[in-house]
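Next comes coords-v7.cif, a file with mmCIF, C-alpha atoms.
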data_start
loop_
_atom_site.label_atom_id
_atom_site.label_comp_id
_atom_site.auth_asym_id
_atom_site.auth_seq_id
_atom_site.Cartn_x
_atom_site.Cartn_y
_atom_site.Cartn_z
CA LYS A 195 135.73 45.49 71.48
CA VAL A 196 135.47 48.21 74.12
CA SER A 197 132.59 50.67 73.81
CA THR A 198 132.19 53.90 75.83
CA LEU A 199 133.91 52.39 78.87
CA THR A 200 133.86 54.67 81.90
CA LYS A 201 135.15 53.83 85.37
CA LYS A 202 134.83 56.11 88.38
CA TYR A 203 136.16 55.75 91.91
CA GLY A 204 133.81 58.01 93.82
CA LYS A 205 134.25 61.46 92.30
CA VAL A 206 137.48 60.49 90.50
CA THR A 207 137.15 59.38 86.87
CA ALA A 208 139.86 56.80 86.11
CA VAL A 209 138.70 56.02 82.55
CA GLU A 210 136.30 58.16 80.54
CA ASN A 211 134.26 57.19 77.47
CA LEU A 212 136.90 54.81 76.07
CA SER A 213 136.22 52.96 72.80
CA PHE A 214 138.58 50.79 70.73
CA GLU A 215 138.94 47.36 69.14
CA VAL A 216 141.85 44.92 69.02
CA ASN A 217 141.79 42.45 66.15
CA GLY A 218 143.16 38.94 65.91
CA SER A 219 146.88 38.78 65.00
CA GLU A 220 147.36 42.28 66.39
CA VAL A 221 149.55 43.45 69.27
CA CYS A 222 148.13 46.62 70.76
CA ALA A 223 149.82 48.50 73.59
CA ILE A 224 148.21 50.93 76.01
CA MET A 225 150.72 53.53 77.13
CA GLY A 226 150.61 56.66 79.22
CA PRO A 227 151.96 58.40 82.31
CA ASN A 228 151.29 56.94 85.76
CA GLY A 229 147.62 57.35 86.64
CA ALA A 230 146.48 57.64 83.02
CA GLY A 231 144.03 54.73 83.38
CA LYS A 232 145.97 51.89 81.74
CA SER A 233 145.66 49.24 84.45
CA THR A 234 142.08 50.22 85.21
CA THR A 235 141.21 49.64 81.55
CA ILE A 236 142.78 46.17 81.59
CA LYS A 237 141.01 45.26 84.84
CA CYS A 238 137.66 46.38 83.43
CA ILE A 239 138.17 44.26 80.31
CA CYS A 240 138.93 41.28 82.58
CA GLY A 241 135.74 41.85 84.53
CA LEU A 242 137.58 42.60 87.77
CA LEU A 243 135.97 46.03 88.13
CA ARG A 244 132.43 47.27 87.66
CA PHE A 245 132.15 49.88 84.91
CA GLU A 246 129.79 51.74 82.59
CA GLY A 247 129.81 50.84 78.90
CA SER A 248 130.37 47.46 77.30
CA VAL A 249 133.12 44.95 76.49
CA THR A 250 132.76 42.07 74.03
CA ILE A 251 135.32 39.34 73.38
CA GLY A 252 134.95 37.17 70.30
CA GLY A 253 131.51 38.68 69.83
CA TYR A 254 130.36 37.61 73.30
CA SER A 255 129.47 40.03 76.08
CA LEU A 256 131.96 39.99 78.94
CA ASN A 257 129.11 38.82 81.20
CA ASN A 258 128.94 35.50 79.33
CA LYS A 259 131.03 32.46 80.19
CA GLU A 260 131.96 32.11 76.51
CA ALA A 261 133.78 35.46 76.59
CA ARG A 262 135.70 34.65 79.77
CA GLN A 263 136.92 31.35 78.32
CA LEU A 264 138.62 33.17 75.45
CA PHE A 265 141.17 35.33 77.27
CA GLY A 266 144.25 34.86 79.39
CA TYR A 267 145.34 37.53 81.86
CA VAL A 268 148.71 38.33 83.43
CA PRO A 269 148.23 40.92 86.21
CA GLU A 270 150.81 43.51 87.23
CA SER A 271 151.17 41.83 90.63
CA PRO A 272 151.06 38.02 90.38
CA ALA A 273 148.25 36.39 92.37
CA VAL A 274 149.12 32.74 92.86
CA PHE A 275 147.64 30.14 95.20
CA GLU A 276 149.97 29.93 98.19
CA LEU A 277 149.58 26.17 98.77
CA LEU A 278 149.41 24.89 95.18
CA THR A 279 152.58 23.76 93.46
CA ILE A 280 153.54 25.11 90.06
CA ARG A 281 152.33 21.89 88.42
CA GLU A 282 149.06 21.99 90.36
CA HIS A 283 148.44 25.56 89.19
CA ILE A 284 148.63 24.46 85.57
CA ASP A 285 146.56 21.33 86.20
CA PHE A 286 143.89 23.47 87.87
CA ILE A 287 143.80 26.01 85.03
CA THR A 288 143.63 23.40 82.26
CA SER A 289 140.88 21.55 84.12
CA ALA A 290 138.87 24.74 84.69
CA TYR A 291 139.11 25.71 81.02
CA GLY A 292 138.62 22.19 79.68
CA ILE A 293 141.99 22.16 77.90
CA LYS A 294 142.94 18.66 76.69
CA ASP A 295 146.13 17.08 75.34
CA CYS A 296 148.38 19.91 76.49
CA GLU A 297 151.23 17.98 78.14
CA ALA A 298 153.73 18.91 75.44
CA GLU A 299 152.72 22.59 75.53
CA MET A 300 152.92 22.59 79.31
CA ASN A 301 156.40 21.10 79.37
CA GLU A 302 157.58 23.54 76.71
CA LEU A 303 156.36 26.49 78.77
CA PHE A 304 158.08 25.16 81.90
CA LYS A 305 161.30 24.77 79.93
CA ARG A 306 161.13 28.21 78.32
CA PHE A 307 160.58 29.97 81.64
CA ASP A 308 163.06 27.89 83.66
CA LEU A 309 160.44 26.27 85.88
CA GLU A 310 161.24 22.64 85.06
CA ASP A 311 163.14 21.99 88.29
CA LYS A 312 160.67 23.92 90.47
CA LEU A 313 157.39 22.14 89.70
CA ASP A 314 156.94 20.94 93.29
CA LYS A 315 157.41 24.39 94.84
CA VAL A 316 154.23 25.91 96.26
CA GLY A 317 153.16 29.46 95.47
CA LYS A 318 154.30 31.02 98.73
CA GLU A 319 157.85 29.70 98.15
CA LEU A 320 158.20 31.42 94.79
CA SER A 321 159.99 34.72 94.22
CA LYS A 322 157.99 37.48 92.54
CA GLY A 323 159.78 36.79 89.27
CA MET A 324 158.93 33.08 89.44
CA GLN A 325 155.31 33.94 90.29
CA GLN A 326 155.24 36.18 87.21
CA LYS A 327 156.56 33.35 85.05
CA LEU A 328 153.89 31.03 86.46
CA SER A 329 151.20 33.64 85.69
CA ILE A 330 152.42 33.80 82.09
CA CYS A 331 152.30 30.00 81.79
CA CYS A 332 148.76 29.90 83.22
CA ALA A 333 147.60 32.54 80.72
CA ALA A 334 149.27 30.88 77.73
CA ILE A 335 148.26 27.27 78.40
CA ILE A 336 144.56 27.97 77.78
CA ARG A 337 145.33 28.76 74.10
CA PRO A 338 143.78 32.23 74.37
CA LYS A 339 142.13 34.21 71.60
CA LEU A 340 142.95 37.36 73.59
CA LEU A 341 145.95 37.82 75.88
CA LEU A 342 145.83 40.70 78.38
CA LEU A 343 149.15 41.75 79.93
CA ASP A 344 149.49 44.43 82.61
CA GLU A 345 153.12 45.58 82.98
CA PRO A 346 154.18 41.98 82.24
CA MET A 347 157.95 42.46 82.15
CA VAL A 348 158.40 44.07 85.56
CA GLY A 349 160.36 41.67 87.77
CA LEU A 350 161.37 39.29 84.98
CA ASP A 351 165.00 38.39 84.27
CA PRO A 352 166.43 39.10 80.77
CA LYS A 353 165.92 35.53 79.53
CA ALA A 354 162.28 35.49 80.66
CA ILE A 355 161.68 38.86 78.96
CA LYS A 356 163.13 37.46 75.73
CA GLU A 357 160.94 34.35 75.99
CA LEU A 358 157.83 36.39 76.74
CA LYS A 359 158.42 38.55 73.67
CA LYS A 360 158.83 35.42 71.53
CA LEU A 361 155.65 33.97 73.02
CA ILE A 362 153.70 37.14 72.25
CA LEU A 363 154.79 37.05 68.60
CA GLU A 364 153.95 33.33 68.36
CA LEU A 365 150.47 33.94 69.75
CA LYS A 366 150.03 36.81 67.32
CA GLU A 367 150.96 34.51 64.43
CA SER A 368 148.36 31.99 65.65
CA GLY A 369 145.63 34.63 65.39
CA CYS A 370 145.56 35.75 69.03
CA ALA A 371 144.88 39.40 69.87
CA VAL A 372 147.31 40.81 72.43
CA LEU A 373 146.71 43.88 74.60
CA ILE A 374 149.64 45.11 76.70
CA SER A 375 149.53 47.86 79.31
CA THR A 376 152.93 49.40 80.00
CA HIS A 377 154.70 52.66 80.79
CA ILE A 378 158.10 51.26 79.74
CA ILE A 379 158.44 52.28 76.11
CA ASP A 380 161.47 50.09 75.32
CA SER A 381 159.69 46.96 76.55
CA ILE A 382 157.44 46.75 73.48
CA ASN A 383 160.04 47.51 70.80
CA GLY A 384 159.60 45.04 67.95
CA LEU A 385 156.25 43.83 69.28
CA TRP A 386 153.54 46.39 68.71
CA ASP A 387 151.27 46.99 65.75
CA ARG A 388 149.23 49.74 67.41
CA VAL A 389 149.68 51.98 70.43
CA LEU A 390 146.89 53.69 72.32
CA ILE A 391 148.34 56.65 74.22
CA MET A 392 146.33 57.57 77.31
CA LYS A 393 146.40 60.71 79.37
CA ASN A 394 143.94 61.95 82.02
CA ALA A 395 141.63 58.91 81.68
CA SER A 396 141.25 59.12 77.89
CA VAL A 397 142.96 57.87 74.73
CA ILE A 398 144.51 60.92 73.12
CA ARG A 399 146.13 59.13 70.16
CA ASP A 400 145.68 55.80 68.36
CA ILE A 401 148.85 55.16 66.35
CA ASN A 402 149.69 52.28 64.03
CA ARG A 403 153.27 51.36 63.24
CA ALA A 404 153.13 52.30 59.54
CA GLU A 405 151.71 55.73 60.38
CA MET A 406 154.44 56.43 62.90
CA GLU A 407 157.29 55.14 60.72
CA ALA A 408 156.09 57.43 57.92
CA THR A 409 156.78 60.40 60.20
CA GLY A 410 160.37 59.27 60.74
CA LYS A 411 159.94 59.52 64.50
CA THR A 412 160.52 56.89 67.16
CA LEU A 413 157.79 55.69 69.52
CA GLU A 414 159.54 57.49 72.36
CA GLU A 415 159.60 60.78 70.46
CA THR A 416 155.96 60.36 69.47
CA PHE A 417 154.92 59.53 73.03
CA PHE A 418 156.54 62.63 74.53
CA GLU A 419 155.20 64.83 71.75
CA VAL A 420 151.62 63.56 72.18
CA THR A 421 151.57 63.62 75.99
CA GLY A 422 153.39 66.92 76.31
CA VAL A 423 155.78 65.39 78.82
CA ASN A 424 159.30 66.84 78.73
CA GLN A 425 162.03 64.33 77.86
#
As structure tokens, the full file:
Amino acid sequence: KVSTLTKKYGKVTAVENLSFEVNGSEVCAIMGPNGAGKSTTIKCICGLLRFEGSVTIGGYSLNNKEARQLFGYVPESPAVFELLTIREHIDFITSAYGIKDCEAEMNELFKRFDLEDKLDKVGKELSKGMQQKLSICCAAIIRPKLLLLDEPMVGLDPKAIKELKKLILELKESGCAVLISTHIIDSINGLWDRVLIMKNASVIRDINRAEMEATGKTLEETFFEVTGVNQ
């Protein structure tokens, strides 16, 4: 739950008075033109930026350890440890979060994202795409109640994109809330339940799938109509 979130960089307001909720078993996408405030919103929810307003996760304030244990985060630009191997990354994350009996889940993630034969590679040896896959595995292995994804499909190969979409739907079925920031409309086809369209630091439309389908319009058509951007 995000309540009256405002983030300013000096005199520039990146996000203004933003309020919304994402429920369990719901995939919500934040969309908007470049500079609309999408990534800033995700970073505030993660606690990476100071902001005005409040964020609660699972009923806990973001300032509490309990809230931070509930979410996984995949940043737009992967941030891996240069000298840890892929396997050591996962071991570190599971240890930090107190995740037990996850060997089967871990191996399944490695298999799905084609990392099985690269487990001994250290972070600085990985391509950006492989770093992105590792970030996804680290976020998923903690069994999150909330998954935050910032432009998650940039840099991924087609198979990895397909696997990520399957993973998102599986997490949704398990009761996880998923919040995706993206400006690539096609990337969330078949995934989303709600879309928050941002422009100029604010949400200008909150659309659910049933509402949009009733209009007979596509998400792309709706996006351009709402934002006033010419196709």
* Minimum-distance residue to Tyr203 in chain A, chosen among A:Lys356, A:Lys339, A:Arg244, A:Lys232 (using all atoms listed in the file) ->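 Smallest distance to Tyr203 in chain A is found for A:Arg244.
Every protein or nucleic acid residue with an atom no more than 8 Å from Thr288 in chain A, counting all atoms listed in the file and leaving out same-chain residues fewer than 6 positions away, appears here: Lys294, Ile335 and Ile336 of chain A.
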Could you dump the residues just selected with C-alpha atoms as a PDB file, keeping the file's coordinate frame?
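part-v7.pdb, freshly written:
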ATOM      1  CA  LYS A 294     142.940  18.660  76.690  1.00  0.00           C
ATOM      2  CA  ILE A 335     148.260  27.270  78.400  1.00  0.00           C
ATOM      3  CA  ILE A 336     144.560  27.970  77.780  1.00  0.00           C
TER       4      ILE A 336
END
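Considering all atoms listed in the file, the residue among A:Thr412, A:Ile287, A:Gly349, A:Glu276 positioned nearest to Ile379 in chain A is A:Thr412.
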* Asked: Separation of CA of Leu328 in chain A and CA of Ile280 in chain A, in Å?
  -> 6.9 Å
* How many Å lie between CA of Lys366 in chain A and CA of Ile330 in chain A, rounded to one decimal? ->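 Computing it gives 15.3 Å between the two atoms.
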Please write the residues picked by the PyMOL selection byres ((chain A and resi 324) around 9) on this file as a PDB file with C-alpha atoms, in the coordinates of the input.
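That gives us part.pdb:
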ATOM      1  CA  PHE A 307     160.580  29.970  81.640  1.00  0.00           C
ATOM      2  CA  ASP A 308     163.060  27.890  83.660  1.00  0.00           C
ATOM      3  CA  LEU A 309     160.440  26.270  85.880  1.00  0.00           C
ATOM      4  CA  LEU A 320     158.200  31.420  94.790  1.00  0.00           C
ATOM      5  CA  SER A 321     159.990  34.720  94.220  1.00  0.00           C
ATOM      6  CA  LYS A 322     157.990  37.480  92.540  1.00  0.00           C
ATOM      7  CA  GLY A 323     159.780  36.790  89.270  1.00  0.00           C
ATOM      8  CA  GLN A 325     155.310  33.940  90.290  1.00  0.00           C
ATOM      9  CA  GLN A 326     155.240  36.180  87.210  1.00  0.00           C
ATOM     10  CA  LYS A 327     156.560  33.350  85.050  1.00  0.00           C
ATOM     11  CA  LEU A 328     153.890  31.030  86.460  1.00  0.00           C
ATOM     12  CA  SER A 329     151.200  33.640  85.690  1.00  0.00           C
ATOM     13  CA  GLY A 349     160.360  41.670  87.770  1.00  0.00           C
ATOM     14  CA  LEU A 350     161.370  39.290  84.980  1.00  0.00           C
TER      15      LEU A 350
END
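The smallest atom-to-atom distance between Arg337 in chain A and any of A:Ala371, A:Met406, A:Val196, A:Val274, using all atoms listed in the file, is found for A:Ala371.
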* With all atoms listed in the file as the basis for distance, which of A:Val397, A:Ile355, A:Leu277, A:Ile251 is at the shortest distance from Asn211 in chain A? -> A:Val397
